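Here is model-v4.cif, consisting of mmCIF, N, CA and C atoms:
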data_run
#
loop_
_atom_site.label_atom_id
_atom_site.label_comp_id
_atom_site.auth_asym_id
_atom_site.auth_seq_id
_atom_site.Cartn_x
_atom_site.Cartn_y
_atom_site.Cartn_z
N MET A 1 -46.37 27.21 8.74
CA MET A 1 -45.94 25.91 9.20
C MET A 1 -44.96 25.27 8.21
N LYS A 2 -45.25 25.46 6.91
CA LYS A 2 -44.35 24.92 5.90
C LYS A 2 -42.99 25.59 5.98
N ARG A 3 -43.02 26.88 6.30
CA ARG A 3 -41.77 27.62 6.38
C ARG A 3 -40.91 27.09 7.54
N MET A 4 -41.52 26.79 8.65
CA MET A 4 -40.80 26.24 9.81
C MET A 4 -40.22 24.87 9.47
N ALA A 5 -40.96 24.04 8.79
CA ALA A 5 -40.48 22.72 8.39
C ALA A 5 -39.30 22.85 7.43
N TYR A 6 -39.37 23.84 6.54
CA TYR A 6 -38.28 24.09 5.59
C TYR A 6 -37.01 24.50 6.34
N VAL A 7 -37.11 25.41 7.30
CA VAL A 7 -35.96 25.89 8.07
C VAL A 7 -35.35 24.74 8.86
N VAL A 8 -36.17 23.93 9.49
CA VAL A 8 -35.68 22.79 10.26
C VAL A 8 -34.98 21.80 9.33
N SER A 9 -35.53 21.56 8.16
CA SER A 9 -34.91 20.64 7.20
C SER A 9 -33.55 21.15 6.74
N VAL A 10 -33.45 22.43 6.46
CA VAL A 10 -32.17 23.02 6.03
C VAL A 10 -31.14 22.93 7.15
N LEU A 11 -31.56 23.22 8.38
CA LEU A 11 -30.64 23.12 9.51
C LEU A 11 -30.17 21.68 9.73
N CYS A 12 -31.04 20.73 9.58
CA CYS A 12 -30.67 19.31 9.70
C CYS A 12 -29.68 18.91 8.61
N LEU A 13 -29.90 19.40 7.40
CA LEU A 13 -29.01 19.10 6.29
C LEU A 13 -27.62 19.70 6.54
N ILE A 14 -27.56 20.91 7.01
CA ILE A 14 -26.28 21.55 7.32
C ILE A 14 -25.56 20.79 8.43
N LEU A 15 -26.27 20.38 9.46
CA LEU A 15 -25.70 19.62 10.56
C LEU A 15 -25.18 18.27 10.05
N LEU A 16 -25.92 17.61 9.20
CA LEU A 16 -25.51 16.33 8.65
C LEU A 16 -24.24 16.48 7.80
N LEU A 17 -24.19 17.50 6.97
CA LEU A 17 -23.00 17.73 6.14
C LEU A 17 -21.77 18.07 6.99
N ALA A 18 -21.97 18.83 8.04
CA ALA A 18 -20.85 19.18 8.92
C ALA A 18 -20.34 17.95 9.65
N ALA A 19 -21.21 17.05 10.02
CA ALA A 19 -20.81 15.83 10.73
C ALA A 19 -20.07 14.87 9.83
N CYS A 20 -20.32 14.92 8.55
CA CYS A 20 -19.69 14.00 7.60
C CYS A 20 -18.38 14.54 7.03
N GLU A 21 -17.95 15.71 7.47
CA GLU A 21 -16.72 16.30 6.95
C GLU A 21 -15.53 15.41 7.29
N LYS A 22 -14.65 15.22 6.32
CA LYS A 22 -13.46 14.38 6.53
C LYS A 22 -12.47 15.12 7.41
N LYS A 23 -12.01 14.44 8.44
CA LYS A 23 -11.04 15.04 9.34
C LYS A 23 -9.64 14.65 8.87
N ASP A 24 -8.70 15.57 8.99
CA ASP A 24 -7.32 15.33 8.59
C ASP A 24 -6.48 14.91 9.79
N ASP A 25 -6.89 13.83 10.44
CA ASP A 25 -6.11 13.31 11.56
C ASP A 25 -4.83 12.71 11.02
N ASP A 26 -3.73 13.05 11.66
CA ASP A 26 -2.45 12.52 11.23
C ASP A 26 -2.17 11.24 12.00
N VAL A 27 -1.64 10.26 11.31
CA VAL A 27 -1.36 8.96 11.89
C VAL A 27 0.03 8.98 12.53
N LEU A 28 0.10 8.57 13.80
CA LEU A 28 1.37 8.45 14.49
C LEU A 28 1.84 7.00 14.39
N HIS A 29 2.99 6.80 13.77
CA HIS A 29 3.56 5.45 13.65
C HIS A 29 4.45 5.21 14.86
N LEU A 30 4.12 4.19 15.63
CA LEU A 30 4.88 3.83 16.81
C LEU A 30 5.72 2.59 16.53
N GLY A 31 6.94 2.59 17.01
CA GLY A 31 7.75 1.38 16.92
C GLY A 31 8.37 1.11 15.57
N LEU A 32 8.81 2.14 14.88
CA LEU A 32 9.51 1.95 13.61
C LEU A 32 10.96 1.60 13.93
N ASN A 33 11.38 0.41 13.55
CA ASN A 33 12.72 -0.08 13.89
C ASN A 33 13.74 0.33 12.84
N ALA A 34 14.89 0.79 13.32
CA ALA A 34 15.96 1.22 12.43
C ALA A 34 17.30 0.98 13.11
N THR A 35 18.35 1.06 12.32
CA THR A 35 19.70 0.99 12.85
C THR A 35 20.45 2.26 12.47
N ILE A 36 21.28 2.74 13.37
CA ILE A 36 22.04 3.97 13.12
C ILE A 36 23.22 3.63 12.22
N VAL A 37 23.33 4.35 11.09
CA VAL A 37 24.43 4.11 10.15
C VAL A 37 25.46 5.24 10.16
N GLU A 38 25.06 6.41 10.66
CA GLU A 38 25.99 7.54 10.73
C GLU A 38 25.44 8.56 11.73
N ILE A 39 26.34 9.29 12.38
CA ILE A 39 25.94 10.32 13.33
C ILE A 39 26.69 11.60 13.00
N ASP A 40 25.94 12.69 12.83
CA ASP A 40 26.52 14.02 12.65
C ASP A 40 26.33 14.74 13.99
N ALA A 41 27.35 14.66 14.85
CA ALA A 41 27.25 15.21 16.20
C ALA A 41 27.18 16.73 16.19
N THR A 42 27.79 17.37 15.22
CA THR A 42 27.80 18.83 15.15
C THR A 42 26.40 19.38 14.92
N ASN A 43 25.66 18.78 13.99
CA ASN A 43 24.32 19.26 13.63
C ASN A 43 23.20 18.46 14.30
N HIS A 44 23.56 17.51 15.15
CA HIS A 44 22.59 16.66 15.85
C HIS A 44 21.66 15.93 14.88
N ILE A 45 22.26 15.29 13.89
CA ILE A 45 21.49 14.53 12.90
C ILE A 45 21.92 13.07 12.94
N LEU A 46 20.95 12.19 13.05
CA LEU A 46 21.18 10.75 12.95
C LEU A 46 20.84 10.31 11.54
N TYR A 47 21.62 9.40 11.02
CA TYR A 47 21.29 8.76 9.76
C TYR A 47 20.97 7.31 10.07
N VAL A 48 19.77 6.90 9.69
CA VAL A 48 19.32 5.54 10.01
C VAL A 48 18.94 4.80 8.73
N ALA A 49 18.92 3.48 8.86
CA ALA A 49 18.48 2.60 7.77
C ALA A 49 17.44 1.65 8.35
N ASP A 50 16.60 1.15 7.46
CA ASP A 50 15.57 0.20 7.89
C ASP A 50 16.21 -1.03 8.52
N LEU A 51 15.53 -1.56 9.50
CA LEU A 51 15.96 -2.78 10.15
C LEU A 51 15.01 -3.88 9.70
N GLY A 52 15.53 -4.93 9.16
CA GLY A 52 14.69 -6.03 8.70
C GLY A 52 14.09 -5.73 7.35
N SER A 53 12.87 -6.17 7.16
CA SER A 53 12.23 -6.07 5.84
C SER A 53 11.39 -4.80 5.66
N SER A 54 11.33 -3.95 6.66
CA SER A 54 10.51 -2.74 6.51
C SER A 54 11.17 -1.79 5.51
N GLU A 55 10.36 -0.95 4.90
CA GLU A 55 10.86 -0.01 3.90
C GLU A 55 10.38 1.40 4.23
N VAL A 56 10.61 1.82 5.46
CA VAL A 56 10.17 3.14 5.89
C VAL A 56 11.26 4.18 5.65
N PHE A 57 12.47 3.85 6.06
CA PHE A 57 13.57 4.80 6.00
C PHE A 57 14.50 4.61 4.81
N GLY A 58 14.43 3.48 4.16
CA GLY A 58 15.33 3.20 3.05
C GLY A 58 16.72 2.88 3.56
N GLY A 59 17.71 3.04 2.69
CA GLY A 59 19.08 2.73 3.06
C GLY A 59 19.74 3.78 3.92
N ARG A 60 19.24 5.01 3.87
CA ARG A 60 19.85 6.10 4.64
C ARG A 60 18.86 7.25 4.73
N CYS A 61 18.41 7.54 5.93
CA CYS A 61 17.45 8.62 6.16
C CYS A 61 17.96 9.50 7.28
N ALA A 62 17.96 10.81 7.07
CA ALA A 62 18.42 11.76 8.08
C ALA A 62 17.29 12.08 9.05
N ILE A 63 17.62 12.11 10.34
CA ILE A 63 16.66 12.48 11.38
C ILE A 63 17.23 13.65 12.17
N ASP A 64 16.49 14.74 12.19
CA ASP A 64 16.90 15.94 12.93
C ASP A 64 16.56 15.73 14.41
N CYS A 65 17.57 15.74 15.27
CA CYS A 65 17.36 15.46 16.70
C CYS A 65 17.42 16.69 17.59
N LYS A 66 17.51 17.87 17.02
CA LYS A 66 17.63 19.09 17.84
C LYS A 66 16.44 19.25 18.80
N ASP A 67 15.24 19.11 18.29
CA ASP A 67 14.05 19.25 19.15
C ASP A 67 13.95 18.11 20.16
N LEU A 68 14.36 16.92 19.77
CA LEU A 68 14.32 15.78 20.69
C LEU A 68 15.24 16.02 21.88
N ILE A 69 16.40 16.61 21.62
CA ILE A 69 17.34 16.89 22.69
C ILE A 69 16.74 17.91 23.66
N GLU A 70 16.15 18.98 23.12
CA GLU A 70 15.54 20.01 23.96
C GLU A 70 14.35 19.47 24.75
N ASP A 71 13.54 18.62 24.12
CA ASP A 71 12.33 18.09 24.77
C ASP A 71 12.59 16.82 25.57
N GLU A 72 13.84 16.38 25.63
CA GLU A 72 14.24 15.16 26.34
C GLU A 72 13.43 13.95 25.86
N GLU A 73 13.41 13.76 24.57
CA GLU A 73 12.65 12.67 23.98
C GLU A 73 13.55 11.58 23.38
N ILE A 74 14.78 11.51 23.83
CA ILE A 74 15.65 10.38 23.48
C ILE A 74 15.72 9.55 24.76
N ILE A 75 15.21 8.34 24.67
CA ILE A 75 15.04 7.54 25.88
C ILE A 75 15.70 6.17 25.76
N TYR A 76 15.86 5.54 26.90
CA TYR A 76 16.38 4.18 27.00
C TYR A 76 15.51 3.44 27.99
N VAL A 77 15.08 2.24 27.64
CA VAL A 77 14.31 1.41 28.55
C VAL A 77 15.10 0.13 28.79
N ASP A 78 15.42 -0.11 30.04
CA ASP A 78 16.09 -1.36 30.41
C ASP A 78 15.01 -2.44 30.41
N TYR A 79 15.13 -3.40 29.51
CA TYR A 79 14.09 -4.41 29.35
C TYR A 79 14.00 -5.34 30.55
N GLU A 80 15.08 -5.45 31.31
CA GLU A 80 15.07 -6.32 32.47
C GLU A 80 14.33 -5.68 33.65
N THR A 81 14.63 -4.40 33.91
CA THR A 81 14.02 -3.72 35.06
C THR A 81 12.82 -2.87 34.67
N HIS A 82 12.62 -2.64 33.38
CA HIS A 82 11.55 -1.80 32.84
C HIS A 82 11.71 -0.33 33.24
N LYS A 83 12.91 0.06 33.60
CA LYS A 83 13.17 1.44 33.99
C LYS A 83 13.41 2.29 32.75
N LEU A 84 12.72 3.42 32.68
CA LEU A 84 12.87 4.36 31.58
C LEU A 84 13.82 5.47 32.00
N SER A 85 14.77 5.80 31.11
CA SER A 85 15.73 6.87 31.40
C SER A 85 15.82 7.79 30.20
N ILE A 86 16.01 9.06 30.47
CA ILE A 86 16.30 10.03 29.42
C ILE A 86 17.81 9.93 29.17
N ILE A 87 18.21 9.80 27.92
CA ILE A 87 19.63 9.71 27.60
C ILE A 87 20.04 10.88 26.72
N GLN A 88 21.31 11.03 26.55
CA GLN A 88 21.87 12.11 25.75
C GLN A 88 22.07 11.66 24.31
N PHE A 89 22.11 12.61 23.41
CA PHE A 89 22.40 12.32 22.01
C PHE A 89 23.75 11.62 21.89
N SER A 90 24.70 12.00 22.73
CA SER A 90 26.04 11.42 22.69
C SER A 90 26.07 9.96 23.13
N ASP A 91 25.00 9.45 23.75
CA ASP A 91 24.93 8.04 24.13
C ASP A 91 24.67 7.12 22.93
N LEU A 92 24.22 7.68 21.83
CA LEU A 92 23.93 6.89 20.64
C LEU A 92 25.21 6.67 19.85
N VAL A 93 25.39 5.44 19.33
CA VAL A 93 26.56 5.11 18.53
C VAL A 93 26.14 4.39 17.25
N VAL A 94 26.99 4.47 16.25
CA VAL A 94 26.73 3.78 14.98
C VAL A 94 26.59 2.29 15.26
N GLY A 95 25.57 1.70 14.68
CA GLY A 95 25.28 0.28 14.88
C GLY A 95 24.18 0.01 15.87
N ASP A 96 23.81 1.02 16.66
CA ASP A 96 22.72 0.85 17.62
C ASP A 96 21.39 0.64 16.89
N THR A 97 20.53 -0.14 17.52
CA THR A 97 19.16 -0.30 17.05
C THR A 97 18.31 0.71 17.81
N VAL A 98 17.45 1.41 17.09
CA VAL A 98 16.58 2.41 17.70
C VAL A 98 15.13 2.15 17.29
N ILE A 99 14.23 2.61 18.13
CA ILE A 99 12.79 2.53 17.86
C ILE A 99 12.31 3.97 17.73
N ILE A 100 11.68 4.28 16.60
CA ILE A 100 11.32 5.66 16.27
C ILE A 100 9.81 5.81 16.18
N ASN A 101 9.32 6.90 16.75
CA ASN A 101 7.91 7.27 16.64
C ASN A 101 7.82 8.52 15.78
N ALA A 102 7.04 8.46 14.71
CA ALA A 102 6.95 9.61 13.80
C ALA A 102 5.56 9.69 13.18
N TYR A 103 5.14 10.93 12.90
CA TYR A 103 3.88 11.14 12.21
C TYR A 103 4.04 10.88 10.72
N GLU A 104 2.98 10.37 10.12
CA GLU A 104 3.00 10.02 8.70
C GLU A 104 3.33 11.23 7.82
N LYS A 105 2.79 12.39 8.15
CA LYS A 105 3.06 13.57 7.33
C LYS A 105 4.55 13.89 7.32
N ASN A 106 5.24 13.65 8.44
CA ASN A 106 6.68 13.89 8.50
C ASN A 106 7.44 12.82 7.72
N LEU A 107 6.96 11.58 7.74
CA LEU A 107 7.60 10.51 6.96
C LEU A 107 7.51 10.81 5.47
N ASP A 108 6.36 11.34 5.05
CA ASP A 108 6.18 11.67 3.63
C ASP A 108 7.09 12.80 3.19
N ALA A 109 7.38 13.74 4.09
CA ALA A 109 8.20 14.91 3.76
C ALA A 109 9.69 14.63 3.91
N ALA A 110 10.06 13.46 4.39
CA ALA A 110 11.46 13.16 4.70
C ALA A 110 12.33 13.02 3.46
N ASN A 111 11.77 12.90 2.29
CA ASN A 111 12.57 12.78 1.08
C ASN A 111 13.30 14.08 0.77
N ASP A 112 12.73 15.21 1.18
CA ASP A 112 13.29 16.51 0.83
C ASP A 112 14.15 17.12 1.93
N SER A 113 13.92 16.74 3.18
CA SER A 113 14.64 17.34 4.30
C SER A 113 14.76 16.30 5.41
N PRO A 114 15.58 16.60 6.44
CA PRO A 114 15.69 15.65 7.55
C PRO A 114 14.33 15.39 8.20
N LEU A 115 14.13 14.17 8.59
CA LEU A 115 12.89 13.72 9.20
C LEU A 115 12.75 14.30 10.61
N ILE A 116 11.57 14.79 10.93
CA ILE A 116 11.25 15.25 12.27
C ILE A 116 10.46 14.12 12.94
N VAL A 117 10.94 13.64 14.07
CA VAL A 117 10.28 12.54 14.76
C VAL A 117 9.84 12.98 16.15
N GLU A 118 8.96 12.20 16.75
CA GLU A 118 8.42 12.52 18.06
C GLU A 118 9.28 11.97 19.19
N GLN A 119 9.90 10.81 18.96
CA GLN A 119 10.68 10.19 20.02
C GLN A 119 11.62 9.15 19.41
N ILE A 120 12.78 8.99 20.03
CA ILE A 120 13.71 7.92 19.67
C ILE A 120 14.01 7.15 20.94
N GLN A 121 13.90 5.84 20.85
CA GLN A 121 14.25 4.97 21.98
C GLN A 121 15.44 4.11 21.56
N LEU A 122 16.47 4.12 22.38
CA LEU A 122 17.60 3.23 22.15
C LEU A 122 17.16 1.82 22.51
N ALA A 123 17.15 0.93 21.53
CA ALA A 123 16.70 -0.44 21.76
C ALA A 123 17.86 -1.36 22.12
N THR A 124 19.06 -1.02 21.69
CA THR A 124 20.23 -1.81 22.03
C THR A 124 20.42 -1.79 23.53
N GLN A 125 20.49 -2.95 24.14
CA GLN A 125 20.60 -3.05 25.60
C GLN A 125 22.08 -3.08 26.00
N ARG A 126 22.65 -1.88 26.16
CA ARG A 126 24.06 -1.81 26.52
C ARG A 126 24.38 -0.77 27.59
N LEU A 127 23.42 0.04 27.97
CA LEU A 127 23.68 1.08 28.97
C LEU A 127 23.44 0.54 30.37
N GLU A 128 24.30 0.93 31.28
CA GLU A 128 24.15 0.55 32.68
C GLU A 128 23.26 1.56 33.38
N GLN A 129 22.35 1.07 34.19
CA GLN A 129 21.51 1.95 34.99
C GLN A 129 22.22 2.21 36.31
N PRO A 130 22.24 3.46 36.78
CA PRO A 130 22.98 3.79 38.00
C PRO A 130 22.50 3.04 39.23
N ASP A 131 21.21 2.78 39.34
CA ASP A 131 20.70 2.11 40.55
C ASP A 131 20.37 0.64 40.29
N LYS A 132 20.90 0.09 39.23
CA LYS A 132 20.63 -1.32 38.90
C LYS A 132 21.48 -2.22 39.78
N GLU A 133 20.84 -3.18 40.42
CA GLU A 133 21.58 -4.11 41.28
C GLU A 133 22.19 -5.20 40.42
N GLU A 134 23.42 -5.50 40.72
CA GLU A 134 24.13 -6.52 39.94
C GLU A 134 23.82 -7.90 40.48
#
Please express the file's structure as structure tokens.
Amino acid sequence: MKRMAYVVSVLCLILLLAACEKKDDDVLHLGLNATIVEIDATNHILYVADLGSSEVFGGRCAIDCKDLIEDEEIIYVDYETHKLSIIQFSDLVVGDTVIINAYEKNLDAANDSPLIVEQIQLATQRLEQPDKEE
């Protein structure tokens, strides 16, 4: 009987330790505001700077947009109609305000290489929607 109690106690201890294990969940930062300061159209790289008082991107941070173009993750939302559209990399221009979604691990690694982001939204309201009524 003591042996059975010992086995159950060890199993409970193992289960408790496994439940308390720290998970390495990565934090997704949504809505990081930036302004485009330079565009490298050949390599599909945006250079952005922080907008306002935030200090996420610094004065100039490279963002690799190759995967975003393939995955159609460059978007535009018309704030008036709330219509979401997929846009092209070529629709972005220097001076545009963008909203960036990126994982923290990628933000930390951005000092050494171009930043990999999950999505870019053009926040500047200047694109015409094809079916928008005037």
Completion exercise
Ile116 (chain A) proximity check over A:Val93, A:Ser85, A:Leu46, A:Glu55, using only C-alpha atoms: winner is A:Leu46
Problem - Residue nearest Ala110 (chain A) - candidates A:Ala62, A:Leu11, A:Val77, A:Leu68, atoms counted: all atoms listed in the file - result: A:Ala62
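Our summary of the geometry notes that atom N of Asp108 (chain A) is positioned 20.1 Å from atom N of Ile69 (chain A).
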Practice task
as a ChimeraX atom specification, list the residues of region 64-102 of chain A assigned to strand (DSSP E or B) by DSSP on the backbone atoms of this structure.
Solution key: /A:64,74-77,84-86,97-102
Mind giving me the axis-aligned box for region 96-103 of chain A with 5 Å on every side, centre plus edges in Å to one decimal, as AutoDock Vina command-line options?
--center_x 13.8 --center_y 5.4 --center_z 14.4 --size_x 29.9 --size_y 21.4 --size_z 17.4
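What separates CA of Ala102 (chain A) from CA of Asp78 (chain A) is a distance of 21.9 Å.
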Exercise for the section: Counting all atoms listed in the file, find the residues whose atoms lie at most 8 Å from (16.5, 11.3, 10.3) (file coordinates) and write them out as an MDAnalysis selection string. Expected result: chainID A and resid 45:48 60:65 110 113:117
Exercise for the section: Just say which residues the PyMOL selection byres ((chain A and resi 124) around 6.5) picks in this file, as an MDAnalysis selection string. Expected result: chainID A and resid 96:98 121:123 125:127
Return as an mmCIF file with N, CA and C atoms, in the frame of the given file the set of residues that the PyMOL selection byres (((chain A and resi 50 and name CA) around 10) and name CA) yields on the displayed structure.
data_model
loop_
_atom_site.group_PDB
_atom_site.id
_atom_site.type_symbol
_atom_site.label_atom_id
_atom_site.label_comp_id
_atom_site.auth_asym_id
_atom_site.auth_seq_id
_atom_site.Cartn_x
_atom_site.Cartn_y
_atom_site.Cartn_z
ATOM 1 N N LEU A 32 8.810 2.140 14.880
ATOM 2 C CA LEU A 32 9.510 1.950 13.610
ATOM 3 C C LEU A 32 10.960 1.600 13.930
ATOM 4 N N ASN A 33 11.380 0.410 13.550
ATOM 5 C CA ASN A 33 12.720 -0.080 13.890
ATOM 6 C C ASN A 33 13.740 0.330 12.840
ATOM 7 N N ALA A 34 14.890 0.790 13.320
ATOM 8 C CA ALA A 34 15.960 1.220 12.430
ATOM 9 C C ALA A 34 17.300 0.980 13.110
ATOM 10 N N THR A 35 18.350 1.060 12.320
ATOM 11 C CA THR A 35 19.700 0.990 12.850
ATOM 12 C C THR A 35 20.450 2.260 12.470
ATOM 13 N N ILE A 36 21.280 2.740 13.370
ATOM 14 C CA ILE A 36 22.040 3.970 13.120
ATOM 15 C C ILE A 36 23.220 3.630 12.220
ATOM 16 N N VAL A 37 23.330 4.350 11.090
ATOM 17 C CA VAL A 37 24.430 4.110 10.150
ATOM 18 C C VAL A 37 25.460 5.240 10.160
ATOM 19 N N VAL A 48 19.770 6.900 9.690
ATOM 20 C CA VAL A 48 19.320 5.540 10.010
ATOM 21 C C VAL A 48 18.940 4.800 8.730
ATOM 22 N N ALA A 49 18.920 3.480 8.860
ATOM 23 C CA ALA A 49 18.480 2.600 7.770
ATOM 24 C C ALA A 49 17.440 1.650 8.350
ATOM 25 N N LEU A 51 15.530 -1.560 9.500
ATOM 26 C CA LEU A 51 15.960 -2.780 10.150
ATOM 27 C C LEU A 51 15.010 -3.880 9.700
ATOM 28 N N GLY A 52 15.530 -4.930 9.160
ATOM 29 C CA GLY A 52 14.690 -6.030 8.700
ATOM 30 C C GLY A 52 14.090 -5.730 7.350
ATOM 31 N N SER A 53 12.870 -6.170 7.160
ATOM 32 C CA SER A 53 12.230 -6.070 5.840
ATOM 33 C C SER A 53 11.390 -4.800 5.660
ATOM 34 N N SER A 54 11.330 -3.950 6.660
ATOM 35 C CA SER A 54 10.510 -2.740 6.510
ATOM 36 C C SER A 54 11.170 -1.790 5.510
ATOM 37 N N GLU A 55 10.360 -0.950 4.900
ATOM 38 C CA GLU A 55 10.860 -0.010 3.900
ATOM 39 C C GLU A 55 10.380 1.400 4.230
ATOM 40 N N VAL A 56 10.610 1.820 5.460
ATOM 41 C CA VAL A 56 10.170 3.140 5.890
ATOM 42 C C VAL A 56 11.260 4.180 5.650
ATOM 43 N N PHE A 57 12.470 3.850 6.060
ATOM 44 C CA PHE A 57 13.570 4.800 6.000
ATOM 45 C C PHE A 57 14.500 4.610 4.810
ATOM 46 N N GLY A 58 14.430 3.480 4.160
ATOM 47 C CA GLY A 58 15.330 3.200 3.050
ATOM 48 C C GLY A 58 16.720 2.880 3.560
ATOM 49 N N GLY A 59 17.710 3.040 2.690
ATOM 50 C CA GLY A 59 19.080 2.730 3.060
ATOM 51 C C GLY A 59 19.740 3.780 3.920
ATOM 52 N N ARG A 60 19.240 5.010 3.870
ATOM 53 C CA ARG A 60 19.850 6.100 4.640
ATOM 54 C C ARG A 60 18.860 7.250 4.730
ATOM 55 N N CYS A 61 18.410 7.540 5.930
ATOM 56 C CA CYS A 61 17.450 8.620 6.160
ATOM 57 C C CYS A 61 17.960 9.500 7.280
ATOM 58 N N THR A 97 20.530 -0.140 17.520
ATOM 59 C CA THR A 97 19.160 -0.300 17.050
ATOM 60 C C THR A 97 18.310 0.710 17.810
#
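Between CA of Val27 (chain A) and atom N of Glu118 (chain A) the separation is 11.9 Å.
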Exercise for the section: Mind listing whatever residues come within 6.5 Å of the point (15.8, 9.0, 21.5)? Use all atoms listed in the file, file coordinates, and give them as a PyMOL selection string. Expected result: chain A and resi 73-76+119-122
Mind dumping the selected residues with N, CA and C atoms as a PDB file, in the coordinates of the input?
ATOM      1  N   GLU A  73      13.410  13.760  24.570  1.00  0.00           N
ATOM      2  CA  GLU A  73      12.650  12.670  23.980  1.00  0.00           C
ATOM      3  C   GLU A  73      13.550  11.580  23.380  1.00  0.00           C
ATOM      4  N   ILE A  74      14.780  11.510  23.830  1.00  0.00           N
ATOM      5  CA  ILE A  74      15.650  10.380  23.480  1.00  0.00           C
ATOM      6  C   ILE A  74      15.720   9.550  24.760  1.00  0.00           C
ATOM      7  N   ILE A  75      15.210   8.340  24.670  1.00  0.00           N
ATOM      8  CA  ILE A  75      15.040   7.540  25.880  1.00  0.00           C
ATOM      9  C   ILE A  75      15.700   6.170  25.760  1.00  0.00           C
ATOM     10  N   TYR A  76      15.860   5.540  26.900  1.00  0.00           N
ATOM     11  CA  TYR A  76      16.380   4.180  27.000  1.00  0.00           C
ATOM     12  C   TYR A  76      15.510   3.440  27.990  1.00  0.00           C
ATOM     13  N   GLN A 119       9.900  10.810  18.960  1.00  0.00           N
ATOM     14  CA  GLN A 119      10.680  10.190  20.020  1.00  0.00           C
ATOM     15  C   GLN A 119      11.620   9.150  19.410  1.00  0.00           C
ATOM     16  N   ILE A 120      12.780   8.990  20.030  1.00  0.00           N
ATOM     17  CA  ILE A 120      13.710   7.920  19.670  1.00  0.00           C
ATOM     18  C   ILE A 120      14.010   7.150  20.940  1.00  0.00           C
ATOM     19  N   GLN A 121      13.900   5.840  20.850  1.00  0.00           N
ATOM     20  CA  GLN A 121      14.250   4.970  21.980  1.00  0.00           C
ATOM     21  C   GLN A 121      15.440   4.110  21.560  1.00  0.00           C
ATOM     22  N   LEU A 122      16.470   4.120  22.380  1.00  0.00           N
ATOM     23  CA  LEU A 122      17.600   3.230  22.150  1.00  0.00           C
ATOM     24  C   LEU A 122      17.160   1.820  22.510  1.00  0.00           C
TER      25      LEU A 122
END
Fill in the blank from the handout: Of A:Glu38, A:Glu128, A:Asp112, A:Glu80, the one sitting nearest Gly95 (chain A) when using only N, CA and C atoms is A:Glu38
Practice task
Any chance you could resolve the PyMOL selection byres ((chain A and resi 29) around 5) against this file and give the residues as a PyMOL selection string?
Solution key: chain A and resi 27-28+30-31+101-103
Handout entry: Sel. of helix (DSSP H, G or I) residues, chain A, as a PyMOL selection string
Key = chain A and resi 2-19+66-71+89-91+104-109
